$ cat run.txt   # compact mmCIF, C-alpha atoms
# COMPACT_ATOMS: atom_id res chain seq x y z
CA MET A 120 0.00 0.00 0.00
CA ILE A 121 2.82 2.39 1.01
CA LYS A 122 4.63 1.45 -2.22
CA ILE A 123 1.57 2.33 -4.31
CA LEU A 124 1.16 5.67 -2.50
CA LYS A 125 4.87 6.49 -2.95
CA SER A 126 4.74 5.65 -6.65
CA PHE A 127 1.54 7.69 -7.06
CA SER A 128 3.02 10.76 -5.32
CA LYS A 129 6.18 10.47 -7.43
CA ARG A 130 4.09 10.48 -10.61
CA ILE A 131 2.12 13.51 -9.43
CA LEU A 132 5.35 15.39 -8.64
CA ARG A 133 6.82 14.41 -11.97
CA ALA A 134 3.70 15.56 -13.81
CA LEU A 135 3.80 18.89 -11.97
CA PHE A 136 7.51 19.63 -12.10
CA GLY A 137 8.74 17.49 -14.97
CA GLY A 138 10.93 14.38 -14.87
CA LYS A 139 14.65 14.13 -14.33
CA ASP A 140 16.54 14.66 -17.58
CA ASN A 141 19.85 12.97 -16.87
CA ILE A 142 19.00 9.53 -15.61
CA SER A 143 21.89 7.31 -14.54
CA ILE A 144 21.26 3.58 -14.52
CA GLY A 145 23.92 1.46 -12.86
CA PHE A 146 24.65 -2.17 -13.67
CA TYR A 147 25.65 -3.92 -10.47
CA GLY A 148 26.25 -7.50 -9.45
CA PRO A 149 28.83 -10.11 -8.53
CA PRO A 150 31.82 -10.74 -10.84
CA ASN A 151 31.23 -12.71 -14.05
CA ALA A 152 27.45 -12.32 -13.99
CA GLY A 153 27.48 -10.59 -17.37
CA LYS A 154 27.09 -6.87 -16.56
CA THR A 155 29.40 -5.80 -19.36
CA SER A 156 27.87 -8.36 -21.73
CA LEU A 157 24.46 -6.80 -21.07
CA ALA A 158 25.88 -3.26 -21.44
CA ASN A 159 27.49 -4.34 -24.72
CA ARG A 160 24.25 -5.90 -25.94
CA ILE A 161 22.37 -2.64 -25.25
CA CYS A 162 25.13 -0.63 -26.91
CA LYS A 163 25.14 -2.92 -29.96
CA ASP A 164 21.34 -2.68 -30.20
CA TRP A 165 21.15 1.11 -29.84
CA VAL A 166 24.54 2.79 -30.10
CA GLY A 167 26.38 0.62 -32.59
CA GLU A 168 29.56 0.07 -30.58
CA GLU A 169 30.52 -1.97 -27.53
CA LEU A 170 31.26 -0.52 -24.11
CA GLY A 171 33.91 -2.84 -22.70
CA THR A 172 35.73 -6.13 -23.03
CA VAL A 173 34.38 -9.36 -21.57
CA SER A 174 36.26 -12.41 -20.38
CA LYS A 175 35.78 -15.74 -18.64
CA VAL A 176 38.36 -14.61 -16.08
CA PRO A 177 36.57 -12.86 -13.21
CA HIS A 178 37.10 -9.13 -12.60
CA GLU A 179 37.62 -8.23 -16.26
CA THR A 180 35.90 -4.90 -15.53
CA ARG A 181 38.00 -3.21 -12.87
CA LYS A 182 36.98 0.40 -13.44
CA VAL A 183 33.57 1.98 -13.69
CA GLN A 184 32.82 2.58 -17.36
CA PHE A 185 29.88 4.47 -18.78
CA LYS A 186 28.15 5.58 -21.92
CA GLU A 187 26.37 8.93 -21.92
CA LYS A 188 23.01 9.41 -23.59
CA VAL A 189 22.07 5.90 -24.59
CA GLU A 190 18.71 6.17 -26.31
CA ILE A 191 16.47 3.14 -26.53
CA LYS A 192 13.07 2.96 -28.17
CA HIS A 193 10.42 0.44 -27.32
CA LYS A 194 6.75 0.26 -28.32
CA GLY A 195 6.68 3.89 -29.42
CA LYS A 196 8.40 5.18 -26.26
CA ALA A 197 11.95 6.52 -25.99
CA LEU A 198 14.30 6.50 -23.02
CA THR A 199 17.64 8.29 -22.78
CA PHE A 200 19.99 7.48 -19.94
CA LYS A 201 23.60 7.30 -18.85
CA MET A 202 24.57 3.64 -18.67
CA VAL A 203 27.04 2.88 -15.90
CA ASP A 204 28.77 -0.50 -15.94
CA THR A 205 30.51 -1.28 -12.65
CA PRO A 206 33.16 -3.78 -11.53
CA GLY A 207 31.69 -6.89 -9.91
CA ILE A 208 31.34 -6.75 -6.13
CA ALA A 209 32.97 -9.53 -4.12
CA THR A 210 34.09 -10.06 -0.54
CA LYS A 211 37.39 -11.73 -1.46
CA ILE A 212 40.10 -11.40 -4.09
CA ASP A 213 42.87 -13.93 -4.52
CA TYR A 214 45.44 -13.36 -7.26
CA GLU A 215 46.05 -17.13 -7.35
CA ASP A 216 42.56 -17.57 -8.81
CA PHE A 217 43.71 -15.54 -11.83
CA ILE A 218 46.85 -17.66 -12.17
CA LYS A 219 44.56 -20.71 -12.51
CA HIS A 220 43.18 -19.00 -15.64
CA GLY A 221 46.68 -18.90 -17.13
CA ILE A 222 47.60 -15.35 -16.11
CA LYS A 223 51.21 -14.68 -15.07
CA LYS A 224 51.87 -14.04 -11.38
CA ASN A 225 52.84 -10.36 -11.66
CA VAL A 226 49.88 -9.62 -13.96
CA ALA A 227 47.57 -11.57 -11.63
CA LYS A 228 48.76 -9.54 -8.63
CA LYS A 229 48.18 -6.29 -10.53
CA ARG A 230 44.74 -7.51 -11.59
CA ALA A 231 43.89 -8.36 -7.95
CA LYS A 232 44.95 -4.90 -6.78
CA GLU A 233 42.90 -3.21 -9.47
CA ALA A 234 39.92 -5.48 -8.65
CA THR A 235 39.94 -4.48 -4.96
CA GLN A 236 39.97 -0.81 -5.94
CA GLY A 237 37.23 -1.45 -8.49
CA ILE A 238 34.96 -2.92 -5.81
CA ILE A 239 35.43 0.13 -3.60
CA GLU A 240 34.73 2.38 -6.60
CA SER A 241 31.55 0.44 -7.45
CA ILE A 242 30.16 0.92 -3.95
CA LYS A 243 31.02 4.65 -3.97
CA TRP A 244 29.21 5.16 -7.30
CA LEU A 245 25.99 3.69 -5.96
CA ASP A 246 24.95 7.03 -4.44
CA ASP A 247 25.07 8.66 -7.90
CA MET A 248 22.70 6.17 -9.52
CA ASP A 249 19.02 6.92 -10.10
CA ALA A 250 18.08 3.29 -10.69
CA VAL A 251 19.98 0.03 -10.62
CA VAL A 252 19.89 -3.12 -12.70
CA VAL A 253 21.31 -5.99 -10.66
CA VAL A 254 22.75 -8.60 -12.99
CA LEU A 255 22.98 -12.14 -11.59
CA ASP A 256 24.15 -15.37 -13.17
CA SER A 257 21.00 -17.50 -13.21
CA ALA A 258 23.13 -20.66 -13.19
CA GLU A 259 24.61 -19.70 -9.79
CA ASN A 260 23.08 -19.82 -6.31
CA PRO A 261 21.20 -16.51 -5.95
CA TYR A 262 21.25 -16.61 -2.13
CA SER A 263 24.82 -15.34 -1.87
CA GLN A 264 25.30 -12.61 0.72
CA VAL A 265 26.91 -10.30 -1.85
CA ASN A 266 23.68 -10.31 -3.89
CA ILE A 267 21.64 -9.61 -0.77
CA THR A 268 24.05 -6.85 0.32
CA ILE A 269 23.93 -5.16 -3.10
CA ILE A 270 20.13 -5.22 -3.24
CA GLY A 271 19.87 -4.18 0.43
CA ASN A 272 22.04 -1.14 -0.25
CA ILE A 273 20.00 -0.09 -3.28
CA VAL A 274 16.77 -0.38 -1.30
CA ALA A 275 18.29 1.46 1.69
CA ARG A 276 19.08 4.34 -0.68
CA ASN A 277 15.49 4.34 -1.99
CA LYS A 278 16.52 3.56 -5.55
CA PRO A 279 14.38 1.41 -7.84
CA VAL A 280 15.86 -1.96 -8.67
CA LEU A 281 15.43 -4.46 -11.48
CA ILE A 282 16.95 -7.93 -11.18
CA VAL A 283 18.25 -9.58 -14.32
CA GLY A 284 18.92 -13.32 -14.30
CA ASN A 285 21.49 -13.56 -17.07
CA LYS A 286 22.84 -16.63 -18.89
CA VAL A 287 19.47 -18.38 -19.29
CA ASP A 288 21.10 -20.11 -22.26
CA LEU A 289 23.11 -22.28 -19.85
CA LYS A 290 21.81 -25.74 -18.97
CA LYS A 291 22.21 -25.10 -15.24
CA ALA A 292 20.29 -21.81 -15.40
CA ASP A 293 17.33 -21.67 -13.02
CA ILE A 294 15.46 -18.39 -13.31
CA LYS A 295 12.71 -19.69 -11.00
CA LYS A 296 15.29 -19.94 -8.21
CA VAL A 297 16.29 -16.30 -8.78
CA GLU A 298 12.62 -15.28 -8.68
CA ALA A 299 12.09 -17.29 -5.48
CA ALA A 300 15.10 -15.64 -3.85
CA PHE A 301 13.84 -12.12 -4.56
CA PRO A 302 10.04 -12.33 -4.65
CA GLU A 303 9.56 -8.61 -3.95
CA TYR A 304 11.36 -7.47 -7.10
CA ASP A 305 10.93 -7.62 -10.84
CA VAL A 306 13.09 -10.42 -12.23
CA VAL A 307 13.79 -10.81 -15.96
CA GLY A 308 15.61 -13.82 -17.38
CA ILE A 309 17.82 -13.04 -20.37
CA SER A 310 20.88 -14.15 -22.25
CA ALA A 311 22.91 -11.04 -22.99
CA LYS A 312 25.31 -13.10 -25.08
CA ASP A 313 22.60 -14.47 -27.40
CA GLY A 314 20.17 -11.56 -27.09
CA VAL A 315 17.41 -13.77 -25.64
CA ASN A 316 14.38 -12.05 -24.07
CA MET A 317 15.74 -8.54 -24.59
CA ASP A 318 12.27 -7.20 -25.42
CA GLU A 319 11.05 -8.11 -21.95
CA PHE A 320 14.20 -6.57 -20.50
CA TYR A 321 13.60 -3.25 -22.30
CA GLU A 322 9.98 -3.30 -21.17
CA SER A 323 11.14 -3.74 -17.56
CA LEU A 324 13.76 -1.01 -17.98
CA PHE A 325 11.06 1.48 -18.98
CA LYS A 326 9.00 0.36 -15.98
CA LEU A 327 12.04 0.82 -13.73
CA THR A 328 12.62 4.43 -14.82
CA LYS A 329 9.00 5.28 -14.04
CA GLU A 330 9.80 4.57 -10.37
CA ILE A 331 12.58 7.19 -10.24
CA MET B 125 50.05 -5.16 9.79
CA LYS B 126 50.56 -8.82 8.98
CA LEU B 127 48.04 -11.61 8.98
CA LYS B 128 48.73 -14.49 11.37
CA LYS B 129 49.90 -17.48 9.36
CA ASN B 130 47.62 -20.47 9.60
CA ALA B 131 48.74 -22.82 6.89
CA LYS B 132 46.93 -25.88 8.18
CA ILE B 133 43.81 -25.79 10.31
CA LYS B 134 44.04 -28.00 13.34
CA GLY B 135 41.12 -26.42 15.10
CA LEU B 136 38.47 -23.92 14.53
CA SER B 137 38.30 -20.62 16.35
CA LEU B 138 34.82 -19.23 16.62
CA GLN B 139 34.29 -15.87 18.26
CA PHE B 140 30.79 -15.15 19.47
CA LEU B 141 30.00 -11.45 19.43
CA PRO B 142 26.84 -10.42 21.30
CA PHE B 143 25.01 -7.53 19.68
CA SER B 144 25.32 -5.56 22.94
CA GLU B 145 29.08 -5.40 22.33
CA VAL B 146 28.70 -3.56 19.06
CA GLN B 147 25.40 -1.75 19.29
CA ASP B 148 26.84 1.51 20.63
CA LEU B 149 29.73 1.60 18.17
CA SER B 150 29.85 3.74 15.06
CA ILE B 151 29.78 2.00 11.66
CA ALA B 152 33.55 2.35 11.29
CA GLU B 153 34.24 1.00 14.80
CA ARG B 154 31.82 -1.89 14.38
CA VAL B 155 33.39 -2.94 11.09
CA LYS B 156 36.89 -2.50 12.54
CA LYS B 157 36.03 -4.74 15.50
CA ILE B 158 34.79 -7.51 13.20
CA LEU B 159 37.75 -7.22 10.83
CA ASN B 160 40.28 -7.27 13.68
CA LEU B 161 38.86 -10.60 14.82
CA VAL B 162 38.87 -11.94 11.25
CA LEU B 163 42.49 -10.85 10.82
CA GLY B 164 43.24 -12.98 13.87
CA ASN B 165 41.90 -15.95 11.87
CA LYS B 166 38.70 -16.14 13.87
CA ILE B 167 35.29 -16.93 12.48
CA VAL B 168 33.01 -14.30 13.94
CA ILE B 169 29.44 -15.11 14.84
CA LEU B 170 27.61 -11.89 15.46
CA HIS B 171 24.30 -12.07 17.25
CA GLY B 172 22.18 -9.85 15.01
CA ARG B 173 22.86 -8.48 11.59
CA LEU B 174 24.58 -5.46 10.15
CA ARG B 175 22.58 -2.85 8.29
CA ALA B 176 22.93 -2.82 4.50
CA GLU B 177 25.25 0.21 4.55
CA GLU B 178 27.38 -1.47 7.25
CA GLU B 179 27.72 -4.57 5.10
CA ALA B 180 28.83 -2.34 2.21
CA ARG B 181 31.34 -0.64 4.51
CA LEU B 182 32.55 -4.09 5.63
CA ILE B 183 33.21 -4.99 1.99
CA GLU B 184 34.96 -1.65 1.29
CA ASP B 185 37.22 -1.95 4.34
CA THR B 186 37.91 -5.60 3.54
CA MET B 187 39.07 -4.64 0.05
CA ALA B 188 41.30 -1.91 1.47
CA LEU B 189 42.86 -4.54 3.78
CA VAL B 190 43.35 -7.06 0.95
CA ASP B 191 45.38 -4.35 -0.72
CA HIS B 192 47.54 -3.71 2.34
CA VAL B 193 47.74 -6.82 4.51
CA LYS B 194 49.97 -9.60 3.29
CA ASP B 195 48.21 -12.96 2.83
CA PHE B 196 44.78 -11.51 3.56
CA LYS B 197 42.41 -12.49 0.75
CA GLY B 198 39.15 -11.18 2.08
CA ILE B 199 36.16 -12.56 3.90
CA GLU B 200 33.27 -14.92 3.56
CA LEU B 201 30.04 -13.48 4.85
CA ALA B 202 26.58 -14.86 5.47
CA VAL B 203 23.52 -13.85 7.42
CA ILE B 204 21.08 -16.39 8.75
CA GLU B 205 17.66 -15.19 9.71
CA PRO B 206 14.28 -16.84 10.19
CA SER B 207 11.92 -16.59 7.27
CA LEU B 208 8.79 -14.60 8.04
CA LYS B 209 7.25 -15.32 4.66
CA ASP B 210 4.47 -17.56 5.90
CA LYS B 211 4.07 -15.99 9.33
CA GLY B 212 1.03 -14.04 10.39
CA LEU B 213 0.76 -10.27 10.54
CA PHE B 214 1.13 -10.21 14.34
CA VAL B 215 4.39 -12.20 14.24
CA LYS B 216 5.74 -9.90 11.51
CA PHE B 217 4.72 -6.82 13.51
CA LYS B 218 6.34 -8.23 16.69
CA HIS B 219 9.52 -9.01 14.75
CA GLY B 220 9.56 -5.54 13.15
CA LEU B 221 9.08 -3.84 16.51
CA ALA B 222 11.86 -5.87 18.17
CA LYS B 223 14.11 -5.14 15.20
CA SER B 224 13.59 -1.39 15.51
CA LEU B 225 14.19 -1.44 19.28
CA ILE B 226 17.09 -3.84 19.76
CA GLY B 227 18.33 -4.63 16.27
CA ASP B 228 17.70 -7.84 14.37
CA SER B 229 18.27 -10.17 17.31
CA ASN B 230 16.83 -13.20 15.50
CA ALA B 231 19.60 -13.10 12.92
CA LEU B 232 23.14 -14.44 13.05
CA THR B 233 25.94 -12.99 10.95
CA VAL B 234 28.88 -15.23 10.13
CA VAL B 235 32.11 -13.58 8.98
CA GLY B 236 35.21 -15.65 8.36
CA PRO B 237 38.60 -15.11 6.71
CA ALA B 238 38.54 -16.29 3.08
CA SER B 239 41.82 -18.15 3.68
CA ILE B 240 39.98 -20.45 6.10
CA VAL B 241 36.38 -20.36 4.98
CA LYS B 242 36.31 -21.19 1.30
CA GLU B 243 32.62 -20.78 0.86
CA ILE B 244 29.46 -20.33 2.87
CA LYS B 245 26.72 -22.11 1.02
CA LYS B 246 23.37 -20.77 1.93
CA ASP B 247 19.87 -21.44 0.89
CA PRO B 248 16.75 -20.67 2.86
CA LYS B 249 16.87 -23.87 4.92
CA LYS B 250 20.54 -24.56 5.62
CA ILE B 251 23.98 -23.04 5.85
CA GLU B 252 27.24 -24.86 5.15
CA LEU B 253 30.74 -23.61 5.84
CA MET B 254 33.28 -25.10 3.44
CA PHE B 255 36.89 -24.91 4.62
CA ASN B 256 40.07 -24.50 2.65

$ encode --input "run.txt" --output "structure tokens"
Amino acid sequence: MIKILKSFSKRILRALFGGKDNISIGFYGPPNAGKTSLANRICKDWVGEELGTVSKVPHETRKVQFKEKVEIKHKGKALTFKMVDTPGIATKIDYEDFIKHGIKKNVAKKRAKEATQGIIESIKWLDDMDAVVVVLDSAENPYSQVNITIIGNIVARNKPVLIVGNKVDLKKADIKKVEAAFPEYDVVGISAKDGVNMDEFYESLFKLTKEI
Amino acid sequence: MKLKKNAKIKGLSLQFLPFSEVQDLSIAERVKKILNLVLGNKIVILHGRLRAEEEARLIEDTMALVDHVKDFKGIELAVIEPSLKDKGLFVKFKHGLAKSLIGDSNALTVVGPASIVKEIKKDPKKIELMFN
């Protein structure tokens, strides 16, 4: 009931004073969930160029990267926003994990150092976001504390949140488990890599910005 | 600062932290207290749970320590709390009231050094600590 009243009053205020012009939407989540893959998919669909590199090695994105004025159109509506892709948030970093992926020790140590700084940067940027898309790997256990901490922090800052269960193309993917873990939020299952279910994602993105 | 070496675990050191010991501390002090115990290779069991912004601060400070403390790789973190999903309105109200007065006393927060606790597997019904 309170949610409905809040949403209603926001709409009234927006109608009276106009909406926010420069919307920032942050892509948050644990490492290797596919935040940059999703950002790249959106960029490919609407901008024509990719935002960042992706890799199977965790913590490929170690700095916040963004694209200004991404304009998407869906069912006759248009939405322009700043897309902010953030480094994956984790509670531990071990350079030896990178070595297991064939990275040399000195490069792995540098990567680990950059990854720790990237996590701190991600958290700091959260205050500047107007809405957040939390990208999870739908083949992984959604009940991890990092996921809960990320979503808890978005909610504590009164920012609207959309949960994306990525990698539905994988055999182990279980979008129902993601939905069961976060029953209070909108959950969309997609494959950013293959472009599966992007229409539903764009629909949910429009819905998300209405809550700002 | 240097992390205590603990190459092979012969025993397990659990440190129970009553909420009363941290409730009057600032966010920074509370996080520092937990991390000091973790740096001593202890698995901390906090009666209650941290607020979302405190958990974020815990992650930030952990990352800063990973950068500066030799052999420290971070933490494993989990919160266990009873599900109120199927409970009645009165139980939820009682829980909410208690939470606002004395913190979330029904929850337990487990924080362990990543060098010891490899993974905390959690789903709604069970919690498993996997050791390195």

$ residues_around --input "run.txt" --residues "range 157-159 of chain A" --least-positions-apart "5" --cutoff "6 Å" --atoms "only C-alpha atoms" --output "number ranges by chain"
A: 169-170, 311

$ atom_distance --input "run.txt" --atom1 "CA of Asp191 in chain B" --atom2 "CA of Ser156 in chain A"
27.6 Å

$ atom_distance --input "run.txt" --atom1 "CA of Asp305 in chain A" --atom2 "CA of Trp165 in chain A"
23.3 Å

$ atom_distance --input "run.txt" --atom1 "CA of Leu141 in chain B" --atom2 "CA of Lys166 in chain B"
11.3 Å

$ residues_around --input "run.txt" --residues "Leu136 in chain B" --least-positions-apart "4" --cutoff "10 Å" --atoms "all atoms listed in the file" --output "PyMOL selection string"
chain B and resi 165-167+240

$ residues_around --input "run.txt" --residues "Ile270 in chain A" --least-positions-apart "4" --cutoff "8 Å" --atoms "all atoms listed in the file" --output "PyMOL selection string"
chain A and resi 253+266+274+280

$ write_last_selection --input "run.txt" --atoms "C-alpha atoms" --output "mmCIF file, keeping the file's coordinate frame"
data_model
loop_
_atom_site.group_PDB
_atom_site.id
_atom_site.type_symbol
_atom_site.label_atom_id
_atom_site.label_comp_id
_atom_site.auth_asym_id
_atom_site.auth_seq_id
_atom_site.Cartn_x
_atom_site.Cartn_y
_atom_site.Cartn_z
ATOM 1 C CA VAL A 253 21.310 -5.990 -10.660
ATOM 2 C CA ASN A 266 23.680 -10.310 -3.890
ATOM 3 C CA VAL A 274 16.770 -0.380 -1.300
ATOM 4 C CA VAL A 280 15.860 -1.960 -8.670
#

$ closest_atom_pairs --input "run.txt" --of "chain A" --to "chain B" --cutoff "9 Å" --atoms "only C-alpha atoms" --output "Markdown table"
| residue | atom | partner | partner_atom | distance |
| --- | --- | --- | --- | --- |
| A:Ile208 | CA | B:Ile183 | CA | 8.5 |
| A:Ala209 | CA | B:Ile183 | CA | 7.6 |
| A:Thr210 | CA | B:Ile199 | CA | 5.5 |
| A:Lys211 | CA | B:Gly198 | CA | 4.0 |
| A:Ile212 | CA | B:Lys197 | CA | 5.5 |
| A:Asp213 | CA | B:Lys197 | CA | 5.5 |
| A:Tyr214 | CA | B:Lys197 | CA | 8.6 |
| A:Ala231 | CA | B:Asp191 | CA | 8.4 |
| A:Lys232 | CA | B:Asp191 | CA | 6.1 |
| A:Ala234 | CA | B:Met187 | CA | 8.8 |
| A:Thr235 | CA | B:Met187 | CA | 5.1 |
| A:Gln236 | CA | B:Met187 | CA | 7.2 |
| A:Ile238 | CA | B:Glu184 | CA | 7.2 |
| A:Ile239 | CA | B:Glu184 | CA | 5.2 |
| A:Glu240 | CA | B:Glu184 | CA | 8.9 |
| A:Ile242 | CA | B:Ala180 | CA | 7.1 |
| A:Asn260 | CA | B:Asp247 | CA | 8.0 |
| A:Pro261 | CA | B:Asp247 | CA | 8.5 |
| A:Tyr262 | CA | B:Asp247 | CA | 5.9 |
| A:Ser263 | CA | B:Lys246 | CA | 6.8 |
| A:Gln264 | CA | B:Ala202 | CA | 5.4 |
| A:Val265 | CA | B:Leu201 | CA | 8.0 |
| A:Ile267 | CA | B:Ala176 | CA | 8.7 |
| A:Thr268 | CA | B:Ala176 | CA | 5.9 |
| A:Ile269 | CA | B:Ala180 | CA | 7.8 |
| A:Ile270 | CA | B:Ala176 | CA | 8.6 |
| A:Gly271 | CA | B:Ala176 | CA | 5.3 |
| A:Asn272 | CA | B:Ala176 | CA | 5.1 |
| A:Ile273 | CA | B:Ala176 | CA | 8.8 |
| A:Val274 | CA | B:Ala176 | CA | 8.8 |
| A:Ala275 | CA | B:Ala176 | CA | 6.9 |
| A:Ala300 | CA | B:Pro248 | CA | 8.5 |

$ residues_around --input "run.txt" --residues "Val146 in chain B" --least-positions-apart "6" --cutoff "9 Å" --atoms "only C-alpha atoms" --output "ChimeraX atom specification"
/B:153-154,157

$ closest_residue --input "run.txt" --among "A:Leu198, A:Ile161, A:Met317, A:Leu245" --to "Val287 in chain A" --atoms "only C-alpha atoms"
A:Met317

$ closest_residue --input "run.txt" --among "B:Pro142, B:Ala152, B:Leu163, B:Gly172" --to "Leu232 in chain B" --atoms "all atoms listed in the file"
B:Gly172

$ residues_around --input "run.txt" --residues "Ile282 in chain A" --least-positions-apart "6" --cutoff "8 Å" --atoms "all atoms listed in the file" --output "list in words"
Val252, Val253, Val254, Leu255, Tyr304, Asp305, Val306 and Val307 of chain A

$ closest_residue --input "run.txt" --among "B:Val234, B:Val162, B:Leu170, B:Val155" --to "Phe140 in chain B" --atoms "only C-alpha atoms"
B:Leu170

$ closest_residue --input "run.txt" --among "A:Val297, A:Leu289, A:Met202, A:Val176" --to "Lys188 in chain A" --atoms "all atoms listed in the file"
A:Met202

$ axis_aligned_box --input "run.txt" --around "range 147-156 of chain A" --padding-each-side "3 Å" --output "AutoDock Vina command-line options"
--center_x 28.7 --center_y -8.3 --center_z -15.1 --size_x 12.2 --size_y 14.8 --size_z 19.2
